[in-house]
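Quick look at input.txt (compact mmCIF, N, CA and C atoms):
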# COMPACT_ATOMS: atom_id res chain seq x y z
N MET L 1 -25.30 2.25 -10.29
CA MET L 1 -25.21 0.82 -10.22
C MET L 1 -23.76 0.33 -10.27
N ALA L 2 -22.84 1.19 -10.59
CA ALA L 2 -21.45 0.75 -10.75
C ALA L 2 -20.87 0.20 -9.45
N PHE L 3 -21.09 0.90 -8.35
CA PHE L 3 -20.54 0.46 -7.06
C PHE L 3 -21.21 -0.85 -6.62
N THR L 4 -22.52 -0.94 -6.80
CA THR L 4 -23.25 -2.17 -6.47
C THR L 4 -22.72 -3.34 -7.28
N ASN L 5 -22.58 -3.14 -8.60
CA ASN L 5 -22.10 -4.22 -9.46
C ASN L 5 -20.67 -4.62 -9.13
N TYR L 6 -19.83 -3.64 -8.82
CA TYR L 6 -18.44 -3.92 -8.46
C TYR L 6 -18.38 -4.79 -7.22
N LEU L 7 -19.12 -4.41 -6.19
CA LEU L 7 -19.11 -5.18 -4.95
C LEU L 7 -19.69 -6.58 -5.14
N LEU L 8 -20.81 -6.66 -5.87
CA LEU L 8 -21.44 -7.96 -6.11
C LEU L 8 -20.52 -8.87 -6.91
N GLN L 9 -19.90 -8.34 -7.93
CA GLN L 9 -18.99 -9.14 -8.75
C GLN L 9 -17.78 -9.60 -7.94
N SER L 10 -17.26 -8.74 -7.09
CA SER L 10 -16.13 -9.11 -6.24
C SER L 10 -16.50 -10.24 -5.29
N VAL L 11 -17.65 -10.13 -4.67
CA VAL L 11 -18.09 -11.17 -3.73
C VAL L 11 -18.37 -12.48 -4.45
N LEU L 12 -19.08 -12.42 -5.56
CA LEU L 12 -19.41 -13.64 -6.30
C LEU L 12 -18.17 -14.36 -6.82
N LEU L 13 -17.28 -13.61 -7.44
CA LEU L 13 -16.09 -14.25 -8.01
C LEU L 13 -15.13 -14.72 -6.93
N SER L 14 -15.07 -14.02 -5.81
CA SER L 14 -14.26 -14.50 -4.69
C SER L 14 -14.84 -15.80 -4.15
N TRP L 15 -16.16 -15.85 -4.05
CA TRP L 15 -16.81 -17.06 -3.56
C TRP L 15 -16.57 -18.24 -4.51
N VAL L 16 -16.59 -17.98 -5.80
CA VAL L 16 -16.39 -19.05 -6.78
C VAL L 16 -14.96 -19.57 -6.75
N PHE L 17 -13.99 -18.66 -6.69
CA PHE L 17 -12.61 -19.07 -6.90
C PHE L 17 -11.78 -19.32 -5.65
N PHE L 18 -12.13 -18.74 -4.51
CA PHE L 18 -11.32 -18.92 -3.31
C PHE L 18 -11.81 -20.09 -2.48
N GLY L 19 -10.97 -20.53 -1.55
CA GLY L 19 -11.24 -21.72 -0.75
C GLY L 19 -12.43 -21.59 0.19
N TRP L 20 -12.83 -20.39 0.58
CA TRP L 20 -13.97 -20.25 1.47
C TRP L 20 -15.29 -20.41 0.73
N GLY L 21 -15.23 -20.55 -0.58
CA GLY L 21 -16.43 -20.75 -1.40
C GLY L 21 -16.35 -22.09 -2.10
N LEU L 22 -16.43 -22.06 -3.41
CA LEU L 22 -16.36 -23.28 -4.19
C LEU L 22 -14.93 -23.77 -4.38
N GLY L 23 -13.97 -22.89 -4.27
CA GLY L 23 -12.57 -23.28 -4.37
C GLY L 23 -12.14 -23.70 -5.76
N LEU L 24 -12.65 -23.05 -6.78
CA LEU L 24 -12.31 -23.41 -8.16
C LEU L 24 -11.09 -22.65 -8.67
N TYR L 25 -10.14 -22.34 -7.79
CA TYR L 25 -8.98 -21.55 -8.18
C TYR L 25 -8.07 -22.27 -9.17
N GLY L 26 -8.17 -23.56 -9.33
CA GLY L 26 -7.36 -24.29 -10.29
C GLY L 26 -8.00 -24.43 -11.65
N LEU L 27 -9.13 -23.76 -11.83
CA LEU L 27 -9.87 -23.82 -13.09
C LEU L 27 -9.05 -23.21 -14.22
N GLY L 28 -9.23 -23.69 -15.42
CA GLY L 28 -8.51 -23.14 -16.56
C GLY L 28 -8.96 -21.73 -16.90
N ALA L 29 -8.16 -21.06 -17.71
CA ALA L 29 -8.43 -19.66 -18.07
C ALA L 29 -9.72 -19.52 -18.86
N THR L 30 -10.00 -20.46 -19.75
CA THR L 30 -11.21 -20.37 -20.57
C THR L 30 -12.46 -20.52 -19.72
N ALA L 31 -12.45 -21.47 -18.81
CA ALA L 31 -13.60 -21.68 -17.93
C ALA L 31 -13.79 -20.49 -16.99
N ALA L 32 -12.69 -19.95 -16.47
CA ALA L 32 -12.77 -18.79 -15.59
C ALA L 32 -13.33 -17.58 -16.35
N LEU L 33 -12.88 -17.40 -17.58
CA LEU L 33 -13.39 -16.30 -18.40
C LEU L 33 -14.89 -16.49 -18.66
N ALA L 34 -15.30 -17.72 -18.95
CA ALA L 34 -16.72 -18.00 -19.20
C ALA L 34 -17.57 -17.68 -17.97
N ILE L 35 -17.09 -18.03 -16.79
CA ILE L 35 -17.82 -17.72 -15.55
C ILE L 35 -17.93 -16.21 -15.38
N GLY L 36 -16.84 -15.50 -15.62
CA GLY L 36 -16.85 -14.05 -15.51
C GLY L 36 -17.80 -13.39 -16.49
N VAL L 37 -17.83 -13.87 -17.72
CA VAL L 37 -18.71 -13.30 -18.74
C VAL L 37 -20.18 -13.57 -18.40
N VAL L 38 -20.48 -14.76 -17.90
CA VAL L 38 -21.86 -15.08 -17.52
C VAL L 38 -22.32 -14.18 -16.37
N ILE L 39 -21.48 -14.01 -15.36
CA ILE L 39 -21.83 -13.13 -14.24
C ILE L 39 -22.02 -11.70 -14.73
N TYR L 40 -21.13 -11.24 -15.59
CA TYR L 40 -21.24 -9.88 -16.13
C TYR L 40 -22.55 -9.71 -16.92
N ALA L 41 -22.88 -10.68 -17.77
CA ALA L 41 -24.11 -10.60 -18.56
C ALA L 41 -25.34 -10.58 -17.66
N CYS L 42 -25.33 -11.38 -16.62
CA CYS L 42 -26.45 -11.37 -15.66
C CYS L 42 -26.57 -10.03 -14.96
N GLN L 43 -25.45 -9.42 -14.64
CA GLN L 43 -25.46 -8.11 -14.00
C GLN L 43 -25.99 -7.03 -14.94
N VAL L 44 -25.66 -7.11 -16.20
CA VAL L 44 -26.15 -6.12 -17.17
C VAL L 44 -27.67 -6.19 -17.25
N VAL L 45 -28.21 -7.40 -17.35
CA VAL L 45 -29.66 -7.57 -17.43
C VAL L 45 -30.33 -7.10 -16.14
N ALA L 46 -29.80 -7.55 -14.99
CA ALA L 46 -30.39 -7.18 -13.70
C ALA L 46 -30.32 -5.66 -13.47
N SER L 47 -29.21 -5.04 -13.84
CA SER L 47 -29.05 -3.60 -13.66
C SER L 47 -30.04 -2.83 -14.53
N SER L 48 -30.22 -3.30 -15.75
CA SER L 48 -31.16 -2.64 -16.66
C SER L 48 -32.57 -2.70 -16.09
N LEU L 49 -32.97 -3.85 -15.59
CA LEU L 49 -34.30 -3.99 -14.99
C LEU L 49 -34.43 -3.13 -13.74
N TRP L 50 -33.42 -3.14 -12.89
CA TRP L 50 -33.44 -2.37 -11.65
C TRP L 50 -33.61 -0.88 -11.93
N LEU L 51 -32.84 -0.38 -12.90
CA LEU L 51 -32.84 1.06 -13.17
C LEU L 51 -34.09 1.55 -13.89
N ARG L 52 -34.96 0.65 -14.29
CA ARG L 52 -36.26 1.07 -14.83
C ARG L 52 -37.14 1.66 -13.74
N TRP L 53 -36.97 1.18 -12.51
CA TRP L 53 -37.84 1.61 -11.41
C TRP L 53 -37.13 2.47 -10.36
N PHE L 54 -35.81 2.33 -10.28
CA PHE L 54 -35.09 3.03 -9.22
C PHE L 54 -34.02 3.94 -9.80
N ARG L 55 -33.71 5.02 -9.05
CA ARG L 55 -32.73 6.00 -9.51
C ARG L 55 -31.30 5.54 -9.32
N PHE L 56 -31.05 4.76 -8.28
CA PHE L 56 -29.69 4.34 -7.92
C PHE L 56 -29.69 2.85 -7.65
N GLY L 57 -28.48 2.30 -7.60
CA GLY L 57 -28.33 0.94 -7.11
C GLY L 57 -28.48 0.93 -5.60
N PRO L 58 -28.68 -0.24 -5.00
CA PRO L 58 -28.88 -0.31 -3.55
C PRO L 58 -27.69 0.23 -2.74
N VAL L 59 -26.48 -0.07 -3.15
CA VAL L 59 -25.31 0.42 -2.41
C VAL L 59 -25.16 1.93 -2.59
N GLU L 60 -25.42 2.42 -3.79
CA GLU L 60 -25.33 3.85 -4.04
C GLU L 60 -26.38 4.60 -3.20
N TRP L 61 -27.56 4.01 -3.05
CA TRP L 61 -28.61 4.62 -2.27
C TRP L 61 -28.21 4.72 -0.79
N LEU L 62 -27.50 3.72 -0.29
CA LEU L 62 -27.01 3.77 1.08
C LEU L 62 -25.83 4.74 1.21
N TRP L 63 -25.03 4.85 0.17
CA TRP L 63 -23.82 5.67 0.20
C TRP L 63 -24.13 7.17 0.08
N ARG L 64 -25.10 7.53 -0.73
CA ARG L 64 -25.39 8.95 -1.01
C ARG L 64 -25.77 9.76 0.22
N PRO L 65 -26.59 9.26 1.14
CA PRO L 65 -26.89 10.08 2.33
C PRO L 65 -25.64 10.36 3.17
N LEU L 66 -24.69 9.46 3.15
CA LEU L 66 -23.44 9.70 3.87
C LEU L 66 -22.66 10.84 3.22
N MET L 67 -22.73 10.93 1.91
CA MET L 67 -21.98 11.96 1.19
C MET L 67 -22.67 13.32 1.23
N TYR L 68 -24.00 13.33 1.07
CA TYR L 68 -24.73 14.59 0.97
C TYR L 68 -25.40 15.02 2.27
N GLY L 69 -25.46 14.13 3.25
CA GLY L 69 -26.05 14.47 4.53
C GLY L 69 -27.56 14.58 4.53
N ALA L 70 -28.20 14.06 3.50
CA ALA L 70 -29.67 14.09 3.41
C ALA L 70 -30.15 12.81 2.74
N ARG L 71 -31.33 12.38 3.13
CA ARG L 71 -31.91 11.17 2.55
C ARG L 71 -32.19 11.39 1.07
N GLN L 72 -31.88 10.41 0.25
CA GLN L 72 -32.09 10.51 -1.19
C GLN L 72 -33.29 9.67 -1.60
N PRO L 73 -34.15 10.18 -2.48
CA PRO L 73 -35.28 9.37 -2.93
C PRO L 73 -34.80 8.22 -3.81
N MET L 74 -35.34 7.04 -3.57
CA MET L 74 -34.90 5.85 -4.30
C MET L 74 -35.65 5.70 -5.64
N ARG L 75 -36.93 5.96 -5.64
CA ARG L 75 -37.74 5.77 -6.85
C ARG L 75 -37.83 7.05 -7.68
N TYR L 76 -38.14 6.86 -8.95
CA TYR L 76 -38.42 8.01 -9.80
C TYR L 76 -39.77 8.59 -9.42
N ARG L 77 -39.96 9.87 -9.63
CA ARG L 77 -41.26 10.49 -9.33
C ARG L 77 -42.11 10.51 -10.55
Would you encode the structure as structure tokens?
Amino acid sequence: MAFTNYLLQSVLLSWVFFGWGLGLYGLGATAALAIGVVIYACQVVASSLWLRWFRFGPVEWLWRPLMYGARQPMRYR
């Protein structure tokens, strides 16, 4: 889930703070930290729920066949 969370966090925070999204780049440090902590906490909960049923995160599942040259099972047996 690390690669999935990294990419999701990058996209979400870029969307929040850069001009092509909400454009909140002038936000104070405390508010920016609060947004980051909320996104992180949501990712922890979502990742925990996801990993109850699946072996990998979605991006890792797409990445692994490229590395190993074979399809990887997504669900636990």
As a PyMOL selection string, please: the residues near Ala2 of chain L (cut-off 8 Å, all atoms listed in the file, same-chain neighbours under 6 positions excluded). chain L and resi 8+56-57+60
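The gap separating atom CA of Thr4 of chain L from atom CA of Trp50 of chain L is 11.4 Å, in Å to one decimal.
Note that atom C of Leu12 of chain L and atom N of Pro58 of chain L are 17.7 Å apart.
With distances restricted to only N, CA and C atoms, L:Val59 is the closest residue to Phe3 of chain L from L:Phe54, L:Gly26, L:Val59, L:Ala70.
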Every residue of chain L that DSSP places in helix (DSSP H, G or I), as a PyMOL selection string: chain L and resi 2-17+29-53+58-68
Between atom CA of Ser14 of chain L and atom C of Arg64 of chain L lies a distance of 27.3 Å
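The smallest atom-to-atom distance between Val37 of chain L and any of L:Phe18, L:Leu66, L:Arg71, L:Leu13, using only C-alpha atoms, is found for L:Leu13.
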Enclosing box along x, y and z for every listed atom of segment 7-13 of chain L, padded 5 Å each side, centre and size in Å, one decimal, as AutoDock Vina command-line options:
--center_x -18.3 --center_y -9.6 --center_z -6.2 --size_x 16.3 --size_y 20.3 --size_z 15.0
Can you tell me which residues surround Ile35 of chain L at a distance of at most 10 Å, considering only C-alpha atoms, apart from same-chain residues fewer than 6 positions away, and format the answer as a PyMOL selection string? chain L and resi 13+16+29+41
